[in-house]
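Asker: For reference, the file upload_30.cif (mmCIF, C-alpha atoms) is included below:
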```cif
data_protein
loop_
_atom_site.label_atom_id
_atom_site.label_comp_id
_atom_site.auth_asym_id
_atom_site.auth_seq_id
_atom_site.Cartn_x
_atom_site.Cartn_y
_atom_site.Cartn_z
CA MET Z 1 -24.29 -22.89 -42.25
CA PRO Z 2 -25.78 -20.06 -40.19
CA SER Z 3 -28.53 -18.12 -41.85
CA LEU Z 4 -28.27 -14.45 -42.68
CA LYS Z 5 -30.36 -13.54 -39.71
CA ASP Z 6 -28.15 -15.54 -37.36
CA LEU Z 7 -25.10 -13.78 -38.67
CA ARG Z 8 -26.70 -10.39 -38.26
CA LEU Z 9 -27.55 -11.13 -34.64
CA ARG Z 10 -24.08 -12.46 -34.00
CA ILE Z 11 -22.45 -9.33 -35.37
CA ARG Z 12 -24.66 -7.18 -33.24
CA SER Z 13 -23.79 -9.09 -30.07
CA VAL Z 14 -20.04 -8.96 -30.75
CA LYS Z 15 -20.35 -5.24 -31.35
CA SER Z 16 -21.94 -4.64 -28.00
CA THR Z 17 -19.29 -6.79 -26.32
CA GLN Z 18 -16.68 -4.65 -27.98
CA LYS Z 19 -18.32 -1.54 -26.64
CA ILE Z 20 -18.23 -2.94 -23.13
CA THR Z 21 -14.61 -4.03 -23.28
CA SER Z 22 -13.48 -0.73 -24.72
CA ALA Z 23 -15.33 1.13 -21.97
CA MET Z 24 -13.72 -1.12 -19.38
CA LYS Z 25 -10.36 -0.34 -20.88
CA MET Z 26 -10.96 3.39 -20.49
CA VAL Z 27 -12.05 2.90 -16.90
CA ALA Z 28 -9.00 0.78 -16.15
CA ALA Z 29 -6.75 3.43 -17.70
CA ALA Z 30 -8.25 6.13 -15.49
CA LYS Z 31 -7.99 3.95 -12.41
CA LEU Z 32 -4.45 3.00 -13.30
CA ARG Z 33 -3.43 6.61 -13.34
CA ARG Z 34 -4.97 7.18 -9.95
CA ALA Z 35 -3.42 4.04 -8.49
CA GLN Z 36 -0.04 5.02 -9.86
CA GLU Z 37 -0.30 8.46 -8.30
CA GLN Z 38 -1.20 6.89 -4.99
CA ALA Z 39 1.72 4.51 -5.14
CA GLU Z 40 3.96 7.43 -6.02
CA ALA Z 41 2.65 9.48 -3.10
CA ALA Z 42 3.34 6.69 -0.65
CA ARG Z 43 6.95 6.45 -1.68
CA PRO Z 44 8.51 9.26 0.40
CA TYR Z 45 7.36 7.74 3.68
CA ALA Z 46 8.61 4.27 2.79
CA ASP Z 47 11.92 5.68 1.56
CA ARG Z 48 12.60 7.68 4.66
CA LEU Z 49 11.54 4.93 6.99
CA GLY Z 50 13.83 2.54 5.16
CA ARG Z 51 16.69 5.00 5.43
CA MET Z 52 16.21 5.37 9.17
CA ILE Z 53 16.15 1.64 9.67
CA GLY Z 54 19.20 1.29 7.50
CA SER Z 55 21.16 3.71 9.63
CA LEU Z 56 19.92 2.12 12.85
CA ALA Z 57 20.26 -1.54 12.03
CA GLY Z 58 24.00 -1.29 11.55
CA SER Z 59 24.48 -0.54 15.23
CA PHE Z 60 23.41 -3.97 16.43
CA GLY Z 61 25.66 -6.92 16.98
CA PRO Z 62 24.42 -10.46 16.36
CA GLY Z 63 22.06 -11.72 19.02
CA GLU Z 64 20.94 -8.38 20.32
CA ALA Z 65 18.83 -7.17 17.41
CA PRO Z 66 15.06 -6.97 17.90
CA ALA Z 67 13.07 -10.07 16.97
CA LEU Z 68 11.39 -8.50 13.95
CA LEU Z 69 14.82 -8.07 12.41
CA VAL Z 70 15.96 -11.64 12.86
CA GLY Z 71 12.76 -13.69 13.14
CA ASN Z 72 12.11 -16.33 15.77
CA ASP Z 73 12.44 -20.09 15.61
CA SER Z 74 8.79 -20.91 14.97
CA PRO Z 75 8.52 -23.32 12.00
CA VAL Z 76 5.47 -21.55 10.62
CA HIS Z 77 5.84 -19.25 7.65
CA LEU Z 78 3.03 -16.82 6.90
CA VAL Z 79 2.45 -16.05 3.25
CA LEU Z 80 0.39 -13.01 2.38
CA PHE Z 81 -0.68 -12.82 -1.21
CA ALA Z 82 -2.28 -9.82 -2.82
CA THR Z 83 -4.62 -10.30 -5.74
CA ALA Z 84 -7.38 -8.29 -7.34
CA ASP Z 85 -10.94 -8.18 -6.04
CA ARG Z 86 -12.33 -8.58 -9.52
CA GLY Z 87 -11.56 -10.69 -12.53
CA LEU Z 88 -11.37 -9.75 -16.21
CA CYS Z 89 -7.76 -8.77 -15.93
CA GLY Z 90 -6.05 -11.44 -17.98
CA ALA Z 91 -3.68 -13.80 -16.26
CA PHE Z 92 -3.09 -11.38 -13.40
CA ASN Z 93 -4.77 -13.32 -10.61
CA THR Z 94 -3.79 -16.76 -11.84
CA SER Z 95 -0.13 -15.86 -12.08
CA ILE Z 96 -0.09 -14.59 -8.51
CA VAL Z 97 -1.91 -17.69 -7.34
CA ARG Z 98 0.54 -19.88 -9.25
CA GLU Z 99 3.47 -18.17 -7.55
CA THR Z 100 1.78 -18.59 -4.18
CA ARG Z 101 1.27 -22.27 -4.80
CA ALA Z 102 4.91 -22.64 -5.84
CA MET Z 103 6.05 -20.90 -2.70
CA ILE Z 104 3.88 -23.08 -0.48
CA ARG Z 105 5.42 -26.16 -2.07
CA GLU Z 106 8.94 -24.81 -1.67
CA LEU Z 107 8.41 -24.02 1.98
CA GLU Z 108 6.82 -27.36 2.70
CA ALA Z 109 9.61 -29.18 0.92
CA ALA Z 110 11.96 -27.33 3.27
CA GLY Z 111 10.00 -28.72 6.21
CA ARG Z 112 8.15 -25.57 7.21
CA GLN Z 113 4.49 -25.11 7.89
CA VAL Z 114 2.61 -22.55 5.91
CA LYS Z 115 -0.20 -20.23 6.90
CA LEU Z 116 -1.90 -17.96 4.44
CA LEU Z 117 -3.38 -14.51 4.54
CA PRO Z 118 -5.10 -13.62 1.29
CA ILE Z 119 -5.52 -9.97 0.42
CA GLY Z 120 -8.09 -9.55 -2.34
CA ARG Z 121 -11.18 -11.55 -3.11
CA LYS Z 122 -10.06 -13.42 -6.22
CA GLY Z 123 -7.00 -15.02 -4.73
CA ARG Z 124 -8.91 -15.98 -1.64
CA ASP Z 125 -11.55 -17.75 -3.69
CA LEU Z 126 -9.09 -19.41 -6.04
CA LEU Z 127 -7.08 -21.07 -3.31
CA ARG Z 128 -9.87 -21.68 -0.83
CA LYS Z 129 -10.57 -25.22 -1.98
CA GLU Z 130 -6.95 -26.27 -1.85
CA PHE Z 131 -5.62 -24.37 1.15
CA GLY Z 132 -8.68 -22.86 2.81
CA ASP Z 133 -7.84 -24.47 6.15
CA ARG Z 134 -4.62 -22.46 6.34
CA TYR Z 135 -6.22 -19.06 6.06
CA VAL Z 136 -5.63 -17.07 9.22
CA ASP Z 137 -7.54 -14.03 8.11
CA THR Z 138 -8.74 -12.47 4.89
CA LEU Z 139 -8.84 -8.94 3.65
CA ASP Z 140 -10.46 -7.38 0.62
CA PHE Z 141 -11.24 -3.92 -0.59
CA MET Z 142 -14.57 -4.55 -2.29
CA GLY Z 143 -16.48 -1.35 -2.84
CA LYS Z 144 -13.60 0.89 -1.81
CA LYS Z 145 -12.53 3.56 -4.22
CA LYS Z 146 -9.02 3.73 -2.89
CA VAL Z 147 -7.03 1.81 -0.34
CA GLY Z 148 -6.17 3.78 2.75
CA PHE Z 149 -3.36 3.02 5.12
CA ALA Z 150 -5.87 2.15 7.83
CA ASP Z 151 -7.43 -0.56 5.62
CA VAL Z 152 -4.15 -2.38 5.34
CA GLU Z 153 -3.16 -1.76 8.94
CA THR Z 154 -5.58 -4.47 10.14
CA ALA Z 155 -3.59 -7.10 8.26
CA ALA Z 156 -0.33 -5.71 9.60
CA VAL Z 157 -1.66 -5.80 13.16
CA LYS Z 158 -2.69 -9.41 12.69
CA VAL Z 159 0.75 -10.36 11.42
CA ARG Z 160 2.39 -8.55 14.30
CA GLN Z 161 0.19 -10.20 16.91
CA MET Z 162 0.84 -13.65 15.48
CA PHE Z 163 4.55 -12.99 15.43
CA ASP Z 164 4.61 -11.67 18.98
CA ALA Z 165 2.68 -14.73 20.14
CA GLY Z 166 5.26 -16.95 18.46
CA GLU Z 167 2.70 -18.45 16.09
CA ILE Z 168 4.70 -17.51 13.03
CA GLY Z 169 8.41 -17.16 12.56
CA ALA Z 170 8.60 -15.50 9.20
CA ALA Z 171 6.35 -13.70 6.76
CA THR Z 172 6.45 -12.93 3.07
CA ILE Z 173 4.08 -11.05 0.81
CA ILE Z 174 3.50 -12.02 -2.81
CA PHE Z 175 2.28 -9.28 -5.10
CA ALA Z 176 2.62 -8.05 -8.67
CA ARG Z 177 5.29 -5.43 -8.97
CA PHE Z 178 4.33 -2.67 -11.33
CA LYS Z 179 6.87 -2.28 -14.09
CA SER Z 180 4.72 -0.66 -16.73
CA ALA Z 181 1.11 -0.73 -17.84
CA ILE Z 182 1.82 -3.82 -19.94
CA SER Z 183 4.30 -5.56 -17.70
CA GLN Z 184 3.74 -6.68 -14.14
CA ILE Z 185 6.17 -8.93 -12.38
CA VAL Z 186 4.98 -11.26 -9.66
CA SER Z 187 7.44 -10.87 -6.83
CA ARG Z 188 7.99 -11.79 -3.21
CA ARG Z 189 8.88 -9.38 -0.48
CA GLN Z 190 10.19 -10.67 2.79
CA LEU Z 191 8.49 -8.97 5.73
CA ILE Z 192 9.85 -10.89 8.71
CA PRO Z 193 12.80 -10.99 9.24
CA ALA Z 194 12.86 -7.43 8.01
CA THR Z 195 15.06 -6.75 5.04
CA ILE Z 196 17.35 -3.83 5.63
CA PRO Z 197 17.59 -1.39 2.79
CA GLU Z 198 21.11 -0.60 1.70
CA ALA Z 199 22.13 2.77 3.07
CA LYS Z 200 22.74 4.97 0.06
CA PRO Z 201 25.85 7.04 0.64
CA SER Z 202 25.24 10.06 -1.59
CA ASN Z 203 21.93 11.14 -0.16
CA ALA Z 204 20.80 14.71 -0.30
CA ALA Z 205 19.98 14.59 3.39
CA ASN Z 206 23.54 13.68 4.24
CA SER Z 207 25.15 16.41 2.23
CA ALA Z 208 26.20 18.50 5.17
CA GLN Z 209 28.62 16.11 6.80
CA ALA Z 210 31.90 14.65 5.69
CA GLY Z 211 31.18 10.95 6.16
CA PRO Z 212 28.91 8.95 3.88
CA GLN Z 213 26.60 8.17 6.77
CA ALA Z 214 25.46 10.81 9.20
CA LEU Z 215 26.32 10.17 12.81
CA TYR Z 216 22.95 10.48 14.39
CA GLU Z 217 22.09 11.07 17.95
CA TYR Z 218 19.22 8.96 19.15
CA GLU Z 219 16.46 9.89 21.49
CA PRO Z 220 15.57 7.55 23.18
CA ASP Z 221 18.28 4.96 22.45
CA GLU Z 222 18.69 2.97 19.24
CA GLU Z 223 17.00 -0.11 20.52
CA GLN Z 224 13.81 1.63 21.55
CA ILE Z 225 13.58 3.56 18.33
CA LEU Z 226 14.11 0.45 16.28
CA GLN Z 227 11.47 -1.31 18.32
CA ALA Z 228 9.01 1.39 17.37
CA LEU Z 229 10.21 1.64 13.78
CA LEU Z 230 10.06 -2.02 12.81
CA PRO Z 231 6.33 -2.59 13.37
CA ARG Z 232 5.66 0.60 11.46
CA ASN Z 233 7.93 -0.62 8.71
CA LEU Z 234 5.99 -3.86 8.49
CA SER Z 235 2.73 -2.00 7.91
CA VAL Z 236 4.33 0.25 5.35
CA GLN Z 237 5.88 -2.64 3.46
CA ILE Z 238 2.50 -4.33 3.22
CA TYR Z 239 0.83 -1.06 2.30
CA THR Z 240 3.23 -0.22 -0.51
CA ALA Z 241 3.01 -3.78 -1.84
CA VAL Z 242 -0.78 -3.56 -1.91
CA LEU Z 243 -0.70 -0.20 -3.64
CA GLU Z 244 1.68 -1.48 -6.24
CA ASN Z 245 -0.47 -4.52 -6.72
CA PHE Z 246 -3.43 -2.24 -7.26
CA ALA Z 247 -1.63 -0.35 -10.00
CA SER Z 248 -0.58 -3.65 -11.56
CA GLU Z 249 -4.14 -4.91 -11.48
CA HIS Z 250 -5.42 -1.94 -13.41
CA GLY Z 251 -2.52 -2.18 -15.82
CA ALA Z 252 -3.28 -5.84 -16.43
CA ARG Z 253 -6.96 -5.13 -16.87
CA MET Z 254 -6.22 -2.37 -19.31
CA THR Z 255 -4.08 -4.66 -21.45
CA ALA Z 256 -6.59 -7.49 -21.25
CA MET Z 257 -9.46 -5.26 -22.27
CA ASP Z 258 -7.42 -3.73 -25.06
CA ASN Z 259 -6.79 -7.22 -26.43
CA ALA Z 260 -10.43 -8.14 -26.05
CA THR Z 261 -11.48 -5.03 -27.94
CA ARG Z 262 -9.07 -5.84 -30.73
CA ASN Z 263 -10.22 -9.43 -30.90
CA ALA Z 264 -13.81 -8.34 -31.06
CA GLY Z 265 -12.89 -6.03 -33.95
CA ASP Z 266 -11.26 -8.91 -35.82
CA MET Z 267 -14.27 -11.07 -35.22
CA ILE Z 268 -16.64 -8.41 -36.48
CA ASN Z 269 -14.59 -8.08 -39.65
CA LYS Z 270 -14.67 -11.80 -40.25
CA LEU Z 271 -18.37 -12.09 -39.56
CA THR Z 272 -19.16 -9.11 -41.77
CA LEU Z 273 -17.19 -10.64 -44.62
CA ASN Z 274 -19.06 -13.88 -44.15
CA TYR Z 275 -22.36 -12.08 -44.00
CA ASN Z 276 -21.73 -10.14 -47.20
CA ARG Z 277 -20.53 -13.20 -49.03
CA GLN Z 278 -23.59 -15.11 -48.05
CA ARG Z 279 -25.91 -12.33 -49.00
CA GLN Z 280 -24.24 -12.16 -52.41
CA ALA Z 281 -24.55 -15.93 -52.76
CA THR Z 282 -28.28 -15.74 -52.13
CA ILE Z 283 -28.69 -12.98 -54.69
CA THR Z 284 -26.70 -14.92 -57.26
CA LYS Z 285 -28.72 -18.03 -56.59
CA GLU Z 286 -31.96 -16.18 -57.06
CA LEU Z 287 -30.72 -14.67 -60.31
CA ILE Z 288 -29.72 -18.10 -61.64
CA GLU Z 289 -33.17 -19.40 -60.76
CA ILE Z 290 -34.88 -16.56 -62.60
CA ILE Z 291 -32.63 -16.85 -65.65
CA SER Z 292 -32.91 -20.61 -65.92
CA GLY Z 293 -36.65 -20.27 -65.43
CA ALA Z 294 -36.81 -17.78 -68.30
CA GLU Z 295 -34.65 -20.03 -70.52
CA ALA Z 296 -36.93 -22.99 -69.92
CA VAL Z 297 -39.92 -21.12 -71.30
CA MET F 1 18.08 33.75 9.24
CA ALA F 2 18.99 30.33 7.96
CA GLN F 3 16.04 28.11 7.39
CA VAL F 4 15.46 24.43 7.78
CA THR F 5 13.47 22.37 5.27
CA PHE F 6 10.58 20.85 7.12
CA GLU F 7 8.82 17.81 5.68
CA LEU F 8 5.76 16.15 7.11
CA VAL F 9 5.12 12.75 5.59
CA SER F 10 2.24 10.36 6.17
CA PRO F 11 2.18 6.82 4.78
CA GLU F 12 -0.29 7.98 2.18
CA ARG F 13 1.45 11.10 0.95
CA LEU F 14 3.81 13.99 1.51
CA LEU F 15 1.72 16.45 3.49
CA LEU F 16 4.00 19.42 3.79
CA SER F 17 7.40 20.39 2.54
CA LYS F 18 8.71 23.90 2.94
CA PRO F 19 11.53 25.92 4.44
CA VAL F 20 10.69 27.24 7.89
CA ASP F 21 12.52 29.05 10.69
CA MET F 22 11.88 26.52 13.40
CA VAL F 23 9.71 23.54 14.27
CA VAL F 24 8.91 22.38 17.76
CA LEU F 25 8.31 18.65 17.94
CA PRO F 26 6.68 16.56 20.67
CA GLY F 27 9.56 14.14 21.27
CA SER F 28 8.81 11.14 23.43
CA GLU F 29 11.33 12.49 25.94
CA GLY F 30 10.07 16.04 25.78
CA LEU F 31 9.45 18.87 23.36
CA PHE F 32 12.37 19.94 21.26
CA GLY F 33 12.88 22.70 18.75
CA VAL F 34 14.73 22.28 15.51
CA LEU F 35 16.56 25.20 13.96
CA ALA F 36 18.85 25.18 10.97
CA GLY F 37 22.17 23.53 11.81
CA HIS F 38 20.73 21.13 14.34
CA ALA F 39 22.91 18.10 15.10
CA PRO F 40 21.80 14.92 13.26
CA LEU F 41 19.14 13.24 15.36
CA ILE F 42 16.63 10.45 15.11
CA ALA F 43 13.85 10.63 17.67
CA THR F 44 10.50 9.07 18.33
CA LEU F 45 7.51 11.33 18.82
CA ARG F 46 4.62 10.90 21.18
CA PRO F 47 1.10 11.95 20.21
CA GLY F 48 1.08 15.72 20.49
CA VAL F 49 1.19 19.06 18.78
CA LEU F 50 3.86 20.16 16.37
CA ASP F 51 4.43 23.90 15.95
CA VAL F 52 5.82 25.50 12.84
CA HIS F 53 7.49 28.86 13.42
CA GLU F 54 7.96 31.36 10.64
CA ASN F 55 8.93 35.00 10.92
CA GLY F 56 8.79 34.96 14.68
CA SER F 57 5.33 33.50 15.08
CA VAL F 58 3.63 30.12 15.00
CA THR F 59 2.13 29.73 11.55
CA GLU F 60 0.87 26.19 11.80
CA ARG F 61 -0.11 23.88 14.60
CA ILE F 62 -0.53 20.25 13.63
CA PHE F 63 -1.52 17.34 15.79
CA VAL F 64 0.45 14.16 15.10
CA GLY F 65 -0.46 10.75 16.47
CA GLY F 66 3.08 9.76 17.23
CA GLY F 67 5.80 8.99 14.74
CA PHE F 68 9.46 9.63 14.05
CA ALA F 69 11.64 12.58 13.31
CA GLU F 70 14.87 12.58 11.40
CA VAL F 71 16.87 15.74 11.76
CA THR F 72 19.92 16.71 9.77
CA PRO F 73 21.55 20.18 9.79
CA ASP F 74 19.45 21.39 6.87
CA ARG F 75 16.39 19.18 7.07
CA CYS F 76 13.75 17.97 9.45
CA VAL F 77 11.63 15.05 8.30
CA VAL F 78 8.66 13.97 10.38
CA LEU F 79 7.05 10.62 9.66
CA ALA F 80 3.61 10.64 11.20
CA GLU F 81 0.89 8.10 10.80
CA THR F 82 -1.85 10.63 11.36
CA ALA F 83 -1.58 14.39 11.12
CA THR F 84 -4.44 16.83 11.58
CA PRO F 85 -4.19 20.62 11.64
CA MET F 86 -5.37 21.83 15.06
CA LYS F 87 -8.01 24.07 13.53
CA ASP F 88 -9.68 21.05 11.86
CA ILE F 89 -10.13 19.03 15.03
CA ASP F 90 -13.71 18.65 16.15
CA ARG F 91 -13.67 18.64 19.94
CA GLU F 92 -17.07 16.96 20.30
CA ALA F 93 -16.10 14.07 18.02
CA VAL F 94 -12.80 13.54 19.84
CA ALA F 95 -14.47 13.65 23.25
CA ALA F 96 -17.02 11.09 22.09
CA LYS F 97 -14.24 8.85 20.79
CA VAL F 98 -12.35 9.08 24.07
CA ALA F 99 -15.52 8.17 25.94
CA THR F 100 -16.28 5.07 23.84
CA LEU F 101 -12.68 3.87 23.80
CA SER F 102 -12.27 4.42 27.54
CA ALA F 103 -15.40 2.42 28.20
CA ALA F 104 -13.91 -0.46 26.23
CA ASP F 105 -10.54 -0.24 27.95
CA PRO F 106 -10.82 1.30 31.45
CA ALA F 107 -7.21 0.47 32.36
CA GLY F 108 -5.93 2.16 29.22
CA ALA F 109 -7.76 5.35 30.09
CA LEU F 110 -5.60 5.81 33.20
CA ARG F 111 -2.26 4.88 31.69
CA PRO F 112 0.08 7.79 31.06
CA ILE F 113 0.16 8.73 27.40
CA GLY F 114 3.36 7.79 25.66
CA GLU F 115 4.24 4.89 27.93
CA ASP F 116 3.78 2.44 25.10
CA PRO F 117 6.18 3.00 22.15
CA VAL F 118 3.32 2.31 19.74
CA PRO F 119 0.48 4.56 20.95
CA SER F 120 -2.96 3.01 21.01
CA GLU F 121 -5.97 4.64 19.41
CA LEU F 122 -7.14 5.64 22.86
CA ASP F 123 -3.84 7.30 23.70
CA ILE F 124 -3.99 9.28 20.49
CA ALA F 125 -7.58 10.36 21.09
CA ARG F 126 -6.80 11.38 24.68
CA ALA F 127 -3.75 13.33 23.58
CA MET F 128 -5.82 15.02 20.92
CA LEU F 129 -8.47 16.02 23.41
CA ALA F 130 -5.88 17.39 25.80
CA ALA F 131 -4.23 19.29 22.98
CA VAL F 132 -7.52 20.90 21.95
CA ASP F 133 -8.21 21.93 25.53
CA GLY F 134 -4.68 23.22 25.92
CA LEU F 135 -4.00 20.93 28.86
CA PRO F 136 -0.60 19.46 29.59
CA PHE F 137 -0.28 15.70 29.25
#
```
Turn this file's structure into structure tokens for me.
Answerer:
Amino acid sequence: MPSLKDLRLRIRSVKSTQKITSAMKMVAAAKLRRAQEQAEAARPYADRLGRMIGSLAGSFGPGEAPALLVGNDSPVHLVLFATADRGLCGAFNTSIVRETRAMIRELEAAGRQVKLLPIGRKGRDLLRKEFGDRYVDTLDFMGKKKVGFADVETAAVKVRQMFDAGEIGAATIIFARFKSAISQIVSRRQLIPATIPEAKPSNAANSAQAGPQALYEYEPDEEQILQALLPRNLSVQIYTAVLENFASEHGARMTAMDNATRNAGDMINKLTLNYNRQRQATITKELIEIISGAEAV
Amino acid sequence: MAQVTFELVSPERLLLSKPVDMVVLPGSEGLFGVLAGHAPLIATLRPGVLDVHENGSVTERIFVGGGFAEVTPDRCVVLAETATPMKDIDREAVAAKVATLSAADPAGALRPIGEDPVPSELDIARAMLAAVDGLPF
């Protein structure tokens, strides 16, 4: 049975923990909003790039499309996985790592080799022991307030170089898709071969012509444009995935810290009840002692 | 006069979106102007200066480090990785950058700008310097 003093100290420590977690929740909420805005702001570029590729990719027959669109025959598959740089965000990092591990197993069962490129410190550290020898490069954003396009570009350049050198034949990024502040879905996005977005017929940009798809002129020709577009698209796909992952991270942290704050509150209530009960018990005991002492006289 | 909606988009955000009279873009095969009613076109851009014309005069001059343009009769969308208004460019800083990058890559310093579909950092810096000085490149 803990003494009254122990209980008092315990309550005080839980209270200060609660203060910290609730402050962290506020911080995460503020960061979440910023990350969401950033992800939102990056959308127009990705949308328009996707649309251009969509309208271009249709014009290639099999066998003549650029390599980034079809992949090469290298048996190595590069898996990029984006995690947070910091912990205390619930199951966020572990669920991404679990998905990564599952994907590695799947690929290896299919007879492919796997290379890894961790983005974010936590994921890198969590899988280092198991798969550290397969890391080709690592990337994290420690100490950065926001992720710029240039920060992610280094990873994209690395992927591109490895692909051009024939070291990898395909690439996928694993990240947490942001659904809402309380729900993040770990998903995979195929980078190489590039996935072609479906051309949406009723687009505002295409309103002026009769057909569902505008008949574009190309300058220079389709092939050259696509050759310039696809590497750019790769960077943008990675960038948007990282941004979304960032928003998810803060969402996950917010939820985790909200839970922690609530749990701390419950604990304080329980401890306080215990404390009061024990204090009352001591008082009652003392009273009984006095009364029985008086009776004995 | 009919106007064309001009949008300048960087990977990080939408930089500019407004109706203008005409834009002149540095296409990789030469400068071209876009007016309202332009035929649908997809073009690559080389590093260079983009001019926005409104009411008969150039209202904005923006340096882009290469990119893409998608033109439809009523819209002109430019996807540029880097975009800097000409008035914000610091000539000294650009010149210094050209010098350091040229030292690292002497062959690249002599290559014509725009030869490579994906312009290198050096190409962009050289184009920027030339643009500030008003030289052709």
Asker: I would like the residues chosen by the PyMOL selection byres ((chain F) within 9 of (chain Z)) on the shown file; could you give them as a compact mmCIF listing (two decimals) with C-alpha atoms, keeping the file's coordinate frame?
Answerer:
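Okay, selection_19.txt is ready:
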```txt
# COMPACT_ATOMS: atom_id res chain seq x y z
CA VAL F 9 5.12 12.75 5.59
CA SER F 10 2.24 10.36 6.17
CA PRO F 11 2.18 6.82 4.78
CA GLU F 12 -0.29 7.98 2.18
CA ARG F 13 1.45 11.10 0.95
CA LEU F 14 3.81 13.99 1.51
CA GLY F 27 9.56 14.14 21.27
CA SER F 28 8.81 11.14 23.43
CA GLU F 29 11.33 12.49 25.94
CA ALA F 39 22.91 18.10 15.10
CA PRO F 40 21.80 14.92 13.26
CA LEU F 41 19.14 13.24 15.36
CA ILE F 42 16.63 10.45 15.11
CA ALA F 43 13.85 10.63 17.67
CA THR F 44 10.50 9.07 18.33
CA GLY F 67 5.80 8.99 14.74
CA PHE F 68 9.46 9.63 14.05
CA GLU F 70 14.87 12.58 11.40
CA VAL F 71 16.87 15.74 11.76
CA THR F 72 19.92 16.71 9.77
CA PRO F 73 21.55 20.18 9.79
CA ASP F 74 19.45 21.39 6.87
CA ARG F 75 16.39 19.18 7.07
CA VAL F 77 11.63 15.05 8.30
CA LEU F 79 7.05 10.62 9.66
CA ALA F 80 3.61 10.64 11.20
CA GLU F 81 0.89 8.10 10.80
CA PRO F 117 6.18 3.00 22.15
CA VAL F 118 3.32 2.31 19.74
```
Asker: Could you tell me which residues the PyMOL selection byres ((chain Z and resi 166) around 12) grabs in this file, written as a VMD selection string?
Answerer: chain Z and resid 67 to 68 71 to 78 159 to 165 167 to 170
Asker: Just say which residues the PyMOL selection byres ((chain F and resi 65) around 10) picks in this file, as a list in words.
Answerer: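 Checked against the file, the PyMOL selection byres ((chain F and resi 65) around 10) matches Leu45, Arg46, Pro47, Gly48, Val49, Ile62, Phe63, Val64, Gly66, Gly67, Ala80, Glu81, Thr82, Ala83, Thr84, Val118, Pro119, Ser120, Glu121, Asp123, Ile124, Ala125, Ala127 and Met128 of chain F.
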Asker: Quick one: distance from CA of Leu107 in chain Z to CA of Ile53 in chain Z in Å, one decimal?
Answerer: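 Taking CA of Leu107 in chain Z and CA of Ile53 in chain Z, their separation equals 27.9 Å.
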Asker: Have a look at F:Gly56, F:Phe6, F:Ala107, F:Ala131 and name the one nearest to Pro26 in chain F; count all atoms listed in the file.
Answerer: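 Under the stated criterion, the closest residue is F:Ala131.
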Asker: Measuring between all atoms listed in the file, which one of F:Leu101, F:Ala2, F:Met86, F:Val132 shows the shortest distance to His38 in chain F?
Answerer: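 The closest residue to His38 in chain F is F:Ala2.
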Asker: Could you check the closest approach to Thr5 in chain F for each of F:Val34, F:Leu25, F:Ile89, F:Ala109 and tell me which residue wins, using only C-alpha atoms?
Answerer: F:Val34
Asker: In Å to one decimal, how far is CA of Leu110 in chain F from CA of Lys87 in chain F?
Answerer: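 We find that CA of Lys87 in chain F and CA of Leu110 in chain F lie 26.9 Å from each other.
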Asker: Do you have the CA of Arg126 in chain F-CA of Ser57 in chain F distance handy?
Answerer: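 Atom-to-atom, CA of Arg126 in chain F and CA of Ser57 in chain F are spaced 27.0 Å apart.
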Asker: Of the candidates Z:Leu271, Z:Glu223, Z:Arg8, Z:Asn233, which shows the shortest atom-to-atom distance to Pro66 in chain Z, using all atoms listed in the file?
Answerer: Z:Glu223
Asker: Restricting the calculation to all atoms listed in the file, which member of Z:His250, Z:Lys31, Z:Arg189, Z:Lys146 is positioned closest to Thr83 in chain Z?
Answerer: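 When distances to Thr83 in chain Z are compared using all atoms listed in the file, the smallest one comes from Z:His250.
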Asker: Determine the axis-aligned bounding box of all atoms of range 7-12 of chain Z present in the file, pad each side by 5 Å, and express its centre and edge lengths in Å to one decimal place as lines of an AutoDock Vina configuration file.
Answerer:
```
center_x = -25.0
center_y = -10.5
center_z = -36.0
size_x = 15.1
size_y = 16.6
size_z = 15.4
```
Asker: Identify, on the basis of only C-alpha atoms, every residue whose closest approach to Ile104 in chain Z does not exceed 10 Å; exclude the query and any residue fewer than 3 positions from it along the same chain; express the result as a compact mmCIF listing (two decimals) with C-alpha atoms, in the coordinates of the input.
Answerer:
```
# COMPACT_ATOMS: atom_id res chain seq x y z
CA HIS Z 77 5.84 -19.25 7.65
CA LEU Z 78 3.03 -16.82 6.90
CA VAL Z 79 2.45 -16.05 3.25
CA ARG Z 98 0.54 -19.88 -9.25
CA GLU Z 99 3.47 -18.17 -7.55
CA THR Z 100 1.78 -18.59 -4.18
CA ARG Z 101 1.27 -22.27 -4.80
CA LEU Z 107 8.41 -24.02 1.98
CA GLU Z 108 6.82 -27.36 2.70
CA ALA Z 109 9.61 -29.18 0.92
CA ALA Z 110 11.96 -27.33 3.27
CA ARG Z 112 8.15 -25.57 7.21
CA GLN Z 113 4.49 -25.11 7.89
CA VAL Z 114 2.61 -22.55 5.91
CA LYS Z 115 -0.20 -20.23 6.90
CA LEU Z 116 -1.90 -17.96 4.44
CA PHE Z 131 -5.62 -24.37 1.15
```
